[in-house]
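Notes for the one structure printed next.
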Amino acid sequence: MPSAAFTDNKSAIAALFQQALYAAFPALRNEANSFVIDVEKPKNPDHGHFAVNSALQLAKKLGLKPRDIAAAIVNALPASDLLAGTPEIAGPGFINIRLASSAETRVVAAIFSAGENFGNSTTGGGQKVMVEFVSANPTGPLHVGHGRGAATGDTLARLLDAQGFNVSREFYYNDGGAQINNLALSVQARLRERAGIAAPFPEDGYRGQYITEIAERYAQENGADANGDRLEAVQKFAVAALRHEQDLDLKAFDVRFDVFFLESSLYTDGLVEQTVNHLVKMGHTYERDGALWLKSTEYGDDKDRVMRKSDGTYTYFAPDVAYHVTKWQRGFTRAITELGADHHGSLARVRAGLQAMEMGVPSGYPEYVLHQMITVMRGGEEVKISKRAGSYVTLRDLIDEVGCDATRYFFVMRKSDSQLTFDIDLAKSRSEDNPVYYVQYAHARICSVLGLWGGDVATLNAADLSPLVSKYESDILRTLADFPELLATAARELSPHLVCVYLADLAAKLHSFYNAEKFLVEDEKVKLARLALIAATRQVLKNGLAMLGVNAPEKM
RNA sequence: GCCCUCGUAGCUCAGUGGAUAGAGCAUCCCCCUCCUAAGGGGAGGGUCACACGUUCGAUUCGUGUCGAGGGCGCCA
C-alpha cells in the first residue's frame, strides 16, 4: 500500500512554485522554453524543509540576476496552508521553504495508518524481477563472502518487493564440472585413507575437515562401498550432504529462496546444446584449433570466448548463457545478479552471449551488484581459517559467534563495492560503538517508554500533534518523512546499505531528543504528542530493520 | 597489457551538480531529581589523490595522471 498522504508535500510544493514561476515569467509557459521546477531537500536544516534553486538555473536564460528572479517567483506565490510564512531568499538565489506545522506532522498519521506497509510503494507495478544470489558451488560450507552475498541479495529482494516488484529469489548451483569431480575424488581419498588403503590425496583436493566427516557418513550408510570405489555414488552423496549443510546455514541466516536451479539440468534438458546451436545458426561463432568460439568481441567483450573446447566438452560460458536465456524466457524482464567481485568478468561475457542470441534481451541484462572481499578481525588480528573448512572462515562461524542480526547488519552496512572489515569484537559488543545494537536499542528504548506510559498506543493516532515544535521533534518528523523516498532510492540504485545509514541517523536523532529535554512532561497534550511521535518512530525503525532481516527487539 | 572497483578527518566509512563536505571510533572537556549512561552535548581534526575540461556553480559529471585492490589466458 502506498503511503502518499504526506510525500505529497514535496510535489504539492513543486506544483505551487511551478504555478508561481509561470505567473512571474509567462514566457516560460511555451514549450520550447519550458522549465520544470525541481524541489530539493537541503541537507542543512536551517535552510528549511525544501529548497528551490530554479532562479540560479534560469539566470542565464532570462538574463536576470538570480535573486531578482527568486523574488519575482516568491511574489507570485499563491496563498497556501502548506507554508509557514513567506519563503526566504537566501545566498546566491535559493528559495528556502518552511512547511506549516500541520503539513509537517502529517507523516505521523500516515505511519499510523500504513503500519508495517509504511514506506512501500507500487512503482514496480508487479514487474517480474529475479534476484540471483549466493549461487555457491556445493563443494564446501558457505564462507563469509557468500554471507555478504546472502545478506545483500536478500535485502535487495526485500526492497524490490516493497516497491511493488514481483520478486523471485534464485540460487544457481554449479553442480557439474571439474570442481565437483574434485570434490568426489577428495571424499574418495578420505574413504581410502579411512580403510587403510594407501592413496595420494588429489593435488587440488578439498582438505577441510568436512570432507572427512562426509566420508565417515558415507562409509556408515554405504557399508558395501566403504572404500568409495563407486565414484559416482560418492559424488552424489557429497553434493547432497553439502547442499543440505548450505540449506541449514541459509536457514540460520533467515534467507530463503524460491528456486534452486541446477546447472546439470541445463545439460539434461538439452538447453546448453540448443543455445550453442542457436548461436552457430545466427552466425556468431567460428571454429579454430578444434574449438568452437563465440565472436563475443562483436558485443563489447574484449576477446572472443571458447564455448566448446577441443575435447568436445563445454566451458562454463555455454551453460551460463543458457541459464540466462531461461531467465528471460521465464518472463523475468529484469534480472539482478549479486556476486563476488572476483566473478564480475563472467557477467560481461554472459551479456555478450545474450546479445548474440538476438532474442531481444536488453544489453544491460542482467543487472548486477558486486560485493568486495571481507576481512574478519578478532582481537585486532585477522582471522583466516576455521576448523571445519580449513582454509576460510565460514558463515556459520560468524552466526554462531555474533548472532544472525549483527552478521546481517554488518554485511549490509557498507557499500557493497567497498571492502569490508568485519570486526567480531565490535559486532559482539553491547555498546553505542556497535551500529546494530545502537539501532535496536533505539527501538527497545521506545518500547520501554511506551510501556512506562502504559496507555493504548493505538489511541495515540488521535493525538493533537501541534505541540511538536522543537528542533528535535522537527528533525525526527523530517527524517520519518524521508523514509519512503529512502526505500525507493535504495531499491532503484540497488544500494541496501542506505537503509543502514538511514536507521543509524534516525536512532541518533531519537537519542538526542531523549537526552536534550525532559521527555515525559506534565503537560498532557505535549506528552501525548511526543508519545505519538515516538510510536511512529518505532514503526519506521521496525520497518527499516525488517528490510535488513534484522529483529526489532522490545527489550534488550 | 586490457577490464572493473576504490582513493573523502589519525582510523573505519557515509554523502552530494549548489549554500559552512558529514557520522562513528580515537583525543580532550562536559552532562544522570523522566525512560535502559547500552545514552547525550561540545572542542579539535579536511588541498574530498592530482591536473585539465563541461557548468552560473564540480568533492560530485568527462578526460588524463598517480596510488590501492580484484579480474582476465581452451580456469572453474
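Ordered as shown in the C-alpha cells, chains take letters A, B, and onward, while each chain numbers its residues from 1 and ligands are numbered from 1 in the order shown.
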
Task: Selection near B:A26, 12 Å with only C-alpha atoms (C1' of nucleotides), sequence-local residues under 4 positions removed, as a list of chain:residue names - done: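 The residues satisfying every condition are A:Asp433, B:A9, B:G10, B:C11, B:U12, B:G45.
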
Near chain A, 8 Å: chain B residue rows, closest pairs, only C-alpha atoms (C1' of nucleotides), as CSV:
```
residue,atom,partner,partner_atom,distance
B:C2,C1',A:Asp302,CA,7.5
B:C3,C1',A:Asp302,CA,7.9
B:C4,C1',A:His344,CA,7.5
B:U5,C1',A:Asp417,CA,6.5
B:C6,C1',A:Ser418,CA,7.0
B:C13,C1',A:Arg414,CA,7.5
B:A14,C1',A:Val501,CA,7.2
B:G18,C1',A:Asn53,CA,8.0
B:A19,C1',A:Gly91,CA,6.1
B:G24,C1',A:Asp433,CA,7.1
B:C25,C1',A:Asp433,CA,7.5
B:C34,C1',A:Leu520,CA,5.5
B:C35,C1',A:Val449,CA,4.8
B:U36,C1',A:Arg445,CA,6.5
B:A38,C1',A:Ser431,CA,4.9
B:G39,C1',A:His511,CA,6.6
B:G40,C1',A:Asn515,CA,5.2
B:C56,C1',A:Leu56,CA,6.7
B:G70,C1',A:Asp342,CA,6.3
B:G71,C1',A:Asp342,CA,5.8
B:C72,C1',A:Gly345,CA,7.0
B:C74,C1',A:Lys309,CA,5.4
B:A76,C1',A:Gln179,CA,6.9
```

Selected residues, N, CA and C atoms (P, O5', C5', C4', C3', O3' and C1' of nucleotides), written as a compact mmCIF listing (two decimals), in the first residue's frame, please.
```txt
# COMPACT_ATOMS: atom_id res chain seq x y z
P C B 2 46.62 -1.03 -21.76
O5' C B 2 45.27 -1.88 -21.72
C5' C B 2 44.59 -2.20 -22.93
C4' C B 2 43.50 -3.20 -22.65
C3' C B 2 42.51 -2.78 -21.58
O3' C B 2 41.52 -1.90 -22.06
C1' C B 2 43.20 -4.99 -21.18
P C B 3 40.88 -0.80 -21.07
O5' C B 3 39.90 -1.68 -20.16
C5' C B 3 38.79 -2.36 -20.75
C4' C B 3 38.12 -3.23 -19.72
C3' C B 3 37.73 -2.54 -18.43
O3' C B 3 36.52 -1.82 -18.55
C1' C B 3 38.80 -4.57 -17.91
P C B 4 36.26 -0.54 -17.59
O5' C B 4 35.89 -1.24 -16.21
C5' C B 4 34.75 -2.09 -16.10
C4' C B 4 34.70 -2.69 -14.72
C3' C B 4 34.79 -1.68 -13.58
O3' C B 4 33.55 -1.06 -13.32
C1' C B 4 36.23 -3.50 -13.15
P U B 5 33.54 0.41 -12.71
O5' U B 5 33.98 0.16 -11.20
C5' U B 5 33.14 -0.59 -10.33
C4' U B 5 33.85 -0.82 -9.02
C3' U B 5 34.36 0.44 -8.34
O3' U B 5 33.35 1.11 -7.63
C1' U B 5 36.05 -1.21 -8.30
P C B 6 33.46 2.69 -7.44
O5' C B 6 34.68 2.83 -6.42
C5' C B 6 34.53 2.44 -5.07
C4' C B 6 35.87 2.39 -4.39
C3' C B 6 36.59 3.73 -4.24
O3' C B 6 36.08 4.48 -3.17
C1' C B 6 38.13 2.10 -4.97
P C B 13 36.90 0.36 5.72
O5' C B 13 35.45 0.99 5.79
C5' C B 13 35.05 1.97 4.88
C4' C B 13 33.85 2.66 5.44
C3' C B 13 33.00 3.42 4.43
O3' C B 13 32.12 2.51 3.79
C1' C B 13 33.32 4.74 6.37
P A B 14 31.36 2.99 2.47
O5' A B 14 30.24 3.91 3.15
C5' A B 14 29.88 5.11 2.53
C4' A B 14 28.81 5.77 3.35
C3' A B 14 28.01 6.79 2.56
O3' A B 14 26.96 6.16 1.87
C1' A B 14 28.76 7.77 4.56
P G B 18 24.77 19.22 -5.57
O5' G B 18 25.81 20.26 -4.98
C5' G B 18 25.52 20.88 -3.77
C4' G B 18 25.71 22.38 -3.96
C3' G B 18 24.91 23.20 -2.95
O3' G B 18 25.86 23.91 -2.17
C1' G B 18 24.58 24.00 -5.17
P A B 19 26.64 23.27 -1.02
O5' A B 19 26.96 24.63 -0.27
C5' A B 19 27.50 25.72 -1.03
C4' A B 19 26.97 27.00 -0.43
C3' A B 19 27.06 27.01 1.10
O3' A B 19 27.55 28.26 1.53
C1' A B 19 24.83 27.44 0.37
P G B 24 28.77 11.20 15.81
O5' G B 24 29.44 9.77 15.84
C5' G B 24 28.64 8.61 16.07
C4' G B 24 29.48 7.38 15.86
C3' G B 24 30.78 7.35 16.64
O3' G B 24 30.60 6.90 17.96
C1' G B 24 31.21 6.78 14.40
P C B 25 31.59 7.39 19.09
O5' C B 25 32.92 6.62 18.69
C5' C B 25 32.99 5.20 18.75
C4' C B 25 34.33 4.73 18.23
C3' C B 25 35.54 5.32 18.96
O3' C B 25 35.84 4.60 20.14
C1' C B 25 35.86 5.49 16.63
P C B 34 15.05 12.78 36.49
O5' C B 34 14.26 11.45 36.19
C5' C B 34 12.95 11.26 36.71
C4' C B 34 12.02 10.81 35.59
C3' C B 34 12.61 9.69 34.73
O3' C B 34 12.37 8.43 35.33
C1' C B 34 11.69 11.38 33.34
P C B 35 13.52 7.35 35.21
O5' C B 35 13.16 6.73 33.79
C5' C B 35 11.87 6.19 33.57
C4' C B 35 11.85 5.52 32.22
C3' C B 35 13.10 4.71 31.93
O3' C B 35 12.91 3.43 32.49
C1' C B 35 12.54 6.06 30.06
P U B 36 13.90 2.28 32.01
O5' U B 36 15.29 2.93 31.58
C5' U B 36 16.40 2.92 32.45
C4' U B 36 17.62 2.64 31.60
C3' U B 36 17.83 3.67 30.49
O3' U B 36 19.21 3.98 30.46
C1' U B 36 17.79 1.49 29.58
P A B 38 24.74 1.94 30.56
O5' A B 38 24.73 1.73 28.99
C5' A B 38 25.91 1.90 28.23
C4' A B 38 25.65 1.41 26.83
C3' A B 38 24.62 2.26 26.10
O3' A B 38 24.91 2.31 24.71
C1' A B 38 23.79 0.05 26.38
P G B 39 25.63 3.56 24.17
O5' G B 39 24.64 4.77 24.45
C5' G B 39 23.38 4.85 23.80
C4' G B 39 22.63 6.06 24.28
C3' G B 39 23.24 7.39 23.90
O3' G B 39 22.92 7.78 22.57
C1' G B 39 22.71 7.43 26.18
P G B 40 23.91 8.67 21.76
O5' G B 40 23.74 10.07 22.48
C5' G B 40 22.49 10.74 22.41
C4' G B 40 22.53 11.98 23.26
C3' G B 40 23.51 13.04 22.83
O3' G B 40 23.02 13.82 21.76
C1' G B 40 23.68 12.73 25.15
P C B 56 27.04 28.33 -17.95
O5' C B 56 27.31 28.95 -16.50
C5' C B 56 27.73 30.30 -16.39
C4' C B 56 27.67 30.71 -14.95
C3' C B 56 28.32 29.74 -13.97
O3' C B 56 29.72 29.94 -13.88
C1' C B 56 26.18 30.35 -13.18
P G B 70 44.56 -8.28 -4.50
O5' G B 70 43.33 -8.53 -5.48
C5' G B 70 42.10 -9.03 -4.96
C4' G B 70 41.03 -8.91 -6.01
C3' G B 70 41.27 -9.66 -7.31
O3' G B 70 41.03 -11.05 -7.20
C1' G B 70 40.44 -7.51 -7.80
P G B 71 41.72 -12.04 -8.23
O5' G B 71 40.95 -11.77 -9.59
C5' G B 71 39.57 -12.12 -9.70
C4' G B 71 39.04 -11.63 -11.01
C3' G B 71 39.67 -12.24 -12.25
O3' G B 71 39.11 -13.49 -12.56
C1' G B 71 39.54 -9.90 -12.51
P C B 72 40.03 -14.61 -13.17
O5' C B 72 40.21 -14.13 -14.68
C5' C B 72 39.08 -14.05 -15.54
C4' C B 72 39.47 -13.30 -16.80
C3' C B 72 40.54 -13.97 -17.64
O3' C B 72 39.93 -14.89 -18.54
C1' C B 72 41.03 -11.65 -17.39
P C B 74 42.52 -19.53 -23.78
O5' C B 74 42.09 -20.69 -22.74
C5' C B 74 40.77 -20.92 -22.42
C4' C B 74 40.43 -22.37 -22.70
C3' C B 74 41.55 -23.32 -22.34
O3' C B 74 41.01 -24.31 -21.48
C1' C B 74 40.66 -23.80 -24.48
P A B 76 37.69 -25.74 -16.81
O5' A B 76 37.00 -25.36 -15.44
C5' A B 76 37.20 -26.16 -14.28
C4' A B 76 36.67 -25.38 -13.11
C3' A B 76 35.16 -25.25 -13.06
O3' A B 76 34.56 -26.37 -12.43
C1' A B 76 36.11 -23.12 -12.78
```

Task: Neighbour list for B:G62 as a list in words, cut-off 12 Å, only C-alpha atoms (C1' of nucleotides), skip fewer than 4 positions in-chain - done: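 Counting only C-alpha atoms (C1' of nucleotides), the residues come to C52, G53, U54, U55 and A58 of chain B.
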
Output file for the residues above (N, CA and C atoms (P, O5', C5', C4', C3', O3' and C1' of nucleotides), as a PDB file, in the first residue's frame):
```pdb
ATOM      1  P     C B  52      44.811  22.789 -13.199  1.00  0.00           P
ATOM      2  O5'   C B  52      44.127  22.404 -14.587  1.00  0.00           O
ATOM      3  C5'   C B  52      44.876  22.461 -15.800  1.00  0.00           C
ATOM      4  C4'   C B  52      44.145  21.726 -16.889  1.00  0.00           C
ATOM      5  C3'   C B  52      42.726  22.197 -17.162  1.00  0.00           C
ATOM      6  O3'   C B  52      42.679  23.375 -17.942  1.00  0.00           O
ATOM      7  C1'   C B  52      42.755  19.851 -17.091  1.00  0.00           C
ATOM      8  P     G B  53      41.275  24.186 -18.010  1.00  0.00           P
ATOM      9  O5'   G B  53      40.409  23.104 -18.800  1.00  0.00           O
ATOM     10  C5'   G B  53      39.470  23.485 -19.741  1.00  0.00           C
ATOM     11  C4'   G B  53      38.687  22.274 -20.172  1.00  0.00           C
ATOM     12  C3'   G B  53      37.189  22.444 -20.039  1.00  0.00           C
ATOM     13  O3'   G B  53      36.665  23.145 -21.146  1.00  0.00           O
ATOM     14  C1'   G B  53      37.826  20.364 -19.133  1.00  0.00           C
ATOM     15  P     U B  54      35.680  24.367 -20.883  1.00  0.00           P
ATOM     16  O5'   U B  54      34.320  23.581 -20.604  1.00  0.00           O
ATOM     17  C5'   U B  54      33.783  22.724 -21.602  1.00  0.00           C
ATOM     18  C4'   U B  54      32.560  22.023 -21.072  1.00  0.00           C
ATOM     19  C3'   U B  54      31.599  22.920 -20.292  1.00  0.00           C
ATOM     20  O3'   U B  54      30.750  23.655 -21.150  1.00  0.00           O
ATOM     21  C1'   U B  54      31.994  20.942 -19.072  1.00  0.00           C
ATOM     22  P     U B  55      30.477  25.201 -20.881  1.00  0.00           P
ATOM     23  O5'   U B  55      29.684  25.173 -19.498  1.00  0.00           O
ATOM     24  C5'   U B  55      28.397  24.578 -19.420  1.00  0.00           C
ATOM     25  C4'   U B  55      27.915  24.604 -18.003  1.00  0.00           C
ATOM     26  C3'   U B  55      27.964  25.974 -17.330  1.00  0.00           C
ATOM     27  O3'   U B  55      26.839  26.768 -17.672  1.00  0.00           O
ATOM     28  C1'   U B  55      28.870  24.338 -15.871  1.00  0.00           C
ATOM     29  P     A B  58      32.846  25.074  -9.946  1.00  0.00           P
ATOM     30  O5'   A B  58      32.048  23.770  -9.493  1.00  0.00           O
ATOM     31  C5'   A B  58      31.857  23.472  -8.115  1.00  0.00           C
ATOM     32  C4'   A B  58      32.258  22.033  -7.857  1.00  0.00           C
ATOM     33  C3'   A B  58      33.730  21.749  -8.143  1.00  0.00           C
ATOM     34  O3'   A B  58      34.170  20.781  -7.208  1.00  0.00           O
ATOM     35  C1'   A B  58      32.407  20.392  -9.526  1.00  0.00           C
TER      36        A B  58
END
```

Open item on the list: So that I can check the surroundings of B:G7, please list as a PyMOL selection string every protein, DNA and RNA residue that reaches within 12 Å of it, counting only C-alpha atoms (C1' of nucleotides) and ignoring chain neighbours fewer than 4 positions away.
Closed with: (chain A and resi 418) or (chain B and resi 48-50+66-69)

Surrounding residues of B:A21 excluding itself and chain neighbours under 6 positions, 9 Å, only C-alpha atoms (C1' of nucleotides), as a PDB file with N, CA and C atoms (P, O5', C5', C4', C3', O3' and C1' of nucleotides), in the first residue's frame:
```pdb
ATOM      1  P     U B   8      40.530   8.189   0.976  1.00  0.00           P
ATOM      2  O5'   U B   8      39.553   9.437   0.912  1.00  0.00           O
ATOM      3  C5'   U B   8      40.058  10.709   0.551  1.00  0.00           C
ATOM      4  C4'   U B   8      39.138  11.778   1.076  1.00  0.00           C
ATOM      5  C3'   U B   8      38.820  11.664   2.555  1.00  0.00           C
ATOM      6  O3'   U B   8      39.849  12.210   3.361  1.00  0.00           O
ATOM      7  C1'   U B   8      36.822  11.956   1.379  1.00  0.00           C
ATOM      8  P     G B  15      26.837   6.403   0.290  1.00  0.00           P
ATOM      9  O5'   G B  15      26.519   7.963   0.262  1.00  0.00           O
ATOM     10  C5'   G B  15      25.420   8.481   0.993  1.00  0.00           C
ATOM     11  C4'   G B  15      25.493   9.983   0.999  1.00  0.00           C
ATOM     12  C3'   G B  15      25.700  10.606  -0.371  1.00  0.00           C
ATOM     13  O3'   G B  15      24.462  10.725  -1.049  1.00  0.00           O
ATOM     14  C1'   G B  15      27.208  11.581   1.152  1.00  0.00           C
ATOM     15  P     G B  46      42.673  19.822   9.335  1.00  0.00           P
ATOM     16  O5'   G B  46      43.097  18.873   8.130  1.00  0.00           O
ATOM     17  C5'   G B  46      42.450  17.650   7.916  1.00  0.00           C
ATOM     18  C4'   G B  46      42.030  17.499   6.470  1.00  0.00           C
ATOM     19  C3'   G B  46      42.292  18.695   5.562  1.00  0.00           C
ATOM     20  O3'   G B  46      42.761  18.235   4.304  1.00  0.00           O
ATOM     21  C1'   G B  46      39.984  18.147   5.526  1.00  0.00           C
ATOM     22  P     C B  48      39.860  19.365  -1.182  1.00  0.00           P
ATOM     23  O5'   C B  48      39.900  17.885  -0.586  1.00  0.00           O
ATOM     24  C5'   C B  48      40.288  16.796  -1.423  1.00  0.00           C
ATOM     25  C4'   C B  48      39.415  15.612  -1.136  1.00  0.00           C
ATOM     26  C3'   C B  48      38.915  14.897  -2.388  1.00  0.00           C
ATOM     27  O3'   C B  48      39.179  13.509  -2.259  1.00  0.00           O
ATOM     28  C1'   C B  48      37.113  15.406  -0.946  1.00  0.00           C
ATOM     29  P     U B  59      35.485  21.017  -6.422  1.00  0.00           P
ATOM     30  O5'   U B  59      35.668  19.451  -6.281  1.00  0.00           O
ATOM     31  C5'   U B  59      36.666  18.723  -5.714  1.00  0.00           C
ATOM     32  C4'   U B  59      36.040  17.415  -5.330  1.00  0.00           C
ATOM     33  C3'   U B  59      34.902  16.964  -6.237  1.00  0.00           C
ATOM     34  O3'   U B  59      35.387  16.237  -7.341  1.00  0.00           O
ATOM     35  C1'   U B  59      34.233  16.836  -3.962  1.00  0.00           C
TER      36        U B  59
END
```

Task: 10 Å contact set for A:Gly544, only C-alpha atoms (C1' of nucleotides), chain neighbours under 5 positions out, as a VMD selection string - done: chain A and resid 116 118 to 119 159 483 486 to 487 499 to 500 502 to 503 538 to 539 549 to 550 552

Open item on the list: Could you tell me how far atom CA of A:Asp482 sits from atom CA of A:Ala462, in Å to one decimal place?
Closed with: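 Those two atoms sit 22.4 Å apart.
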
Task: Distance in Å - atom CA of A:Gly115 versus atom CA of A:Leu548 - done: 17.3 Å

Among stretch 219-281 of chain A, which ones does DSSP place in alpha helix (DSSP H), written as a CSV table (one decimal) with C-alpha atoms, in the first residue's frame?
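What ended up in out-v3.csv:
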```
chain,number,residue,atom,x,y,z
A,219,ALA,CA,31.0,-45.3,4.9
A,220,GLN,CA,28.5,-45.8,7.6
A,221,GLU,CA,25.5,-45.5,5.2
A,231,LEU,CA,32.8,-42.6,-7.5
A,232,GLU,CA,29.5,-41.5,-9.0
A,233,ALA,CA,27.7,-42.5,-5.8
A,234,VAL,CA,30.3,-40.8,-3.7
A,235,GLN,CA,29.9,-37.6,-5.7
A,236,LYS,CA,26.1,-37.7,-5.4
A,237,PHE,CA,26.3,-38.3,-1.7
A,238,ALA,CA,28.8,-35.5,-1.1
A,239,VAL,CA,26.9,-33.0,-3.2
A,240,ALA,CA,23.6,-33.8,-1.4
A,241,ALA,CA,25.4,-33.5,2.0
A,242,LEU,CA,26.9,-30.2,1.2
A,243,ARG,CA,23.7,-28.8,-0.3
A,244,HIS,CA,21.9,-29.8,2.9
A,245,GLU,CA,24.5,-28.1,5.0
A,246,GLN,CA,24.3,-25.0,2.9
A,247,ASP,CA,20.5,-25.0,3.3
A,248,LEU,CA,20.8,-25.2,7.1
A,249,ASP,CA,23.3,-22.3,7.0
A,250,LEU,CA,20.9,-20.2,4.9
A,251,LYS,CA,18.0,-21.1,7.2
A,252,ALA,CA,20.1,-20.0,10.2
A,263,GLU,CA,23.4,-26.3,-13.8
A,264,SER,CA,23.2,-30.0,-14.6
A,265,SER,CA,19.5,-29.6,-15.6
A,266,LEU,CA,20.7,-27.4,-18.5
A,267,TYR,CA,22.5,-30.3,-19.9
A,268,THR,CA,19.8,-32.9,-19.3
A,271,LEU,CA,19.4,-26.3,-23.2
A,272,VAL,CA,23.1,-25.9,-23.4
A,273,GLU,CA,23.1,-27.6,-26.8
A,274,GLN,CA,20.2,-25.6,-28.0
A,275,THR,CA,21.8,-22.4,-27.0
A,276,VAL,CA,25.1,-23.2,-28.7
A,277,ASN,CA,23.3,-24.4,-31.8
A,278,HIS,CA,21.3,-21.2,-31.9
A,279,LEU,CA,24.5,-19.1,-31.7
A,280,VAL,CA,26.0,-21.1,-34.5
A,281,LYS,CA,22.9,-20.6,-36.6
```

- [ ] Give me, please, the distance in Å between atom CA of A:Ala162 and atom CA of A:Leu541, quoted to one decimal.
- [x] 15.4 Å

Could you list, as a short mmCIF file (atom, residue, chain, number, x, y, z; two decimals) with C-alpha atoms, in the first residue's frame, every residue within 10 Å of A:Glu485, counting only C-alpha atoms (C1' of nucleotides) and ignoring same-chain residues fewer than 5 positions away?
```cif
data_model
loop_
_atom_site.label_atom_id
_atom_site.label_comp_id
_atom_site.auth_asym_id
_atom_site.auth_seq_id
_atom_site.Cartn_x
_atom_site.Cartn_y
_atom_site.Cartn_z
CA THR A 7 5.05 12.51 0.46
CA GLY A 119 7.38 3.26 3.07
CA ASN A 120 6.21 0.75 0.49
CA SER A 121 5.15 1.75 -2.97
CA ALA A 490 17.84 2.09 -2.12
CA ALA A 491 15.78 -0.14 -4.41
#
```

Which parts of stretch 1-205 of chain A does DSSP call strand (DSSP E) when run on the backbone here, written out as a PDB file with C-alpha atoms, in the first residue's frame?
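Listed below is the output, out-v3.pdb:
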```
ATOM      1  CA  VAL A  39      12.309  20.896  -5.390  1.00  0.00           C
ATOM      2  CA  GLU A  40      15.113  19.521  -3.300  1.00  0.00           C
ATOM      3  CA  PHE A  50      12.582  22.248   0.908  1.00  0.00           C
ATOM      4  CA  ALA A  51      14.582  24.471  -1.378  1.00  0.00           C
ATOM      5  CA  VAL A  52      14.174  25.620  -4.955  1.00  0.00           C
ATOM      6  CA  GLU A  88      13.002  33.149   2.211  1.00  0.00           C
ATOM      7  CA  ILE A  89      15.528  34.063  -0.452  1.00  0.00           C
ATOM      8  CA  ALA A  90      18.992  33.070   0.620  1.00  0.00           C
ATOM      9  CA  PHE A  94      17.986  29.840  -3.288  1.00  0.00           C
ATOM     10  CA  ILE A  95      14.403  29.904  -2.145  1.00  0.00           C
ATOM     11  CA  ASN A  96      14.073  28.214   1.226  1.00  0.00           C
ATOM     12  CA  ILE A  97      10.695  26.851   2.130  1.00  0.00           C
ATOM     13  CA  LYS A 128       8.795  -9.797 -12.622  1.00  0.00           C
ATOM     14  CA  VAL A 129      12.340  -9.482 -11.379  1.00  0.00           C
ATOM     15  CA  MET A 130      14.710 -12.233 -10.434  1.00  0.00           C
ATOM     16  CA  VAL A 131      17.383 -11.727  -7.849  1.00  0.00           C
ATOM     17  CA  GLU A 132      20.046 -14.380  -8.161  1.00  0.00           C
ATOM     18  CA  ASN A 166       7.178  -9.409  -8.245  1.00  0.00           C
ATOM     19  CA  VAL A 167      10.439 -10.803  -6.908  1.00  0.00           C
ATOM     20  CA  SER A 168      11.798 -14.297  -7.226  1.00  0.00           C
ATOM     21  CA  ARG A 169      14.942 -15.348  -5.371  1.00  0.00           C
ATOM     22  CA  GLU A 170      17.114 -17.849  -7.107  1.00  0.00           C
ATOM     23  CA  PHE A 171      20.176 -19.872  -6.221  1.00  0.00           C
ATOM     24  CA  TYR A 172      22.178 -21.348  -9.099  1.00  0.00           C
ATOM     25  CA  TYR A 173      24.215 -24.445  -8.409  1.00  0.00           C
TER      26      TYR A 173
END
```
